[in-house]
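Reviewing the structure listed below.
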Amino acid sequence: MTSIIIIVFGLIMLAAAFLALNSRSLVAAIISAGTISLLASVIYLLLAAPDVAMTEAAIGSGLTTIVFLYALRRIRRSREGRNG
């Protein structure tokens with residue numbers, strides 16, 4: 001049963017990676033990259049590595065996504081300031 005869940009999550013991760021690479025929206029690409037990391041943390045948990053899962057969820061999925069979204073917001077504000 002665990003193998004099936006890991007395979008399904010792996011396929012979802014591949015779909016999210018495809019979306020991240022082919023998305024025209026930067027926000028959608030950032031969110032799908034965060035989704036990949038979040039699913040990786042679930043897979044680590046299923047593989048009995050809770051410490052790695054917690055680190056991946058906190059840093060990979062949480063912090064990195066927030067930093068990317070913050071940087072994108074700052075870039076957009078900077079561009080609006082120059083154009084306006």
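Please note that chains go A, B, ... in the order of the structure tokens, that every chain numbers its residues from 1, and that ligands are numbered from 1 in the order shown.
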### Message
Need to verify the contact set: range 64-77 of chain A, 7 Å, only C-alpha atoms, exclusion of same-chain residues closer than 6 positions in sequence. Can you return it as JSON, numbers by chain?
### Response
{"A": [30, 31, 34]}
Would you mind exporting the chosen residues as a CSV table (one decimal), in the first residue's frame, restricted to C-alpha atoms?
```csv
chain,number,residue,atom,x,y,z
A,30,ILE,CA,6.4,29.0,-7.3
A,31,ILE,CA,3.3,27.3,-5.8
A,34,GLY,CA,6.3,24.3,-3.2
```
### Task
For Ala20 in chain A, list every protein, DNA or RNA residue within 8 Å, evaluated using only C-alpha atoms, and leave out those in the same chain fewer than 5 positions away; present the list as a PyMOL selection string.
chain A and resi 28-30+32-33
### Query
What's the 8 Å shell around Ala16 in chain A, counting only C-alpha atoms, without same-chain residues fewer than 2 positions away, as a PyMOL selection string?
chain A and resi 12-14+18-20+32-33+35-36
### Atom-to-atom span, CA of Tyr44 in chain A and CA of Ile6 in chain A, Å
9.5 Å
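As for CA of Ala58 in chain A and CA of Leu38 in chain A, they are spaced 9.0 Å apart.
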### Query
If you count only C-alpha atoms, which residues fall within 12 Å of range 45-52 of chain A, apart from same-chain ones fewer than 6 positions away, as a ChimeraX atom specification?
/A:1-7,9,37-39,58-60
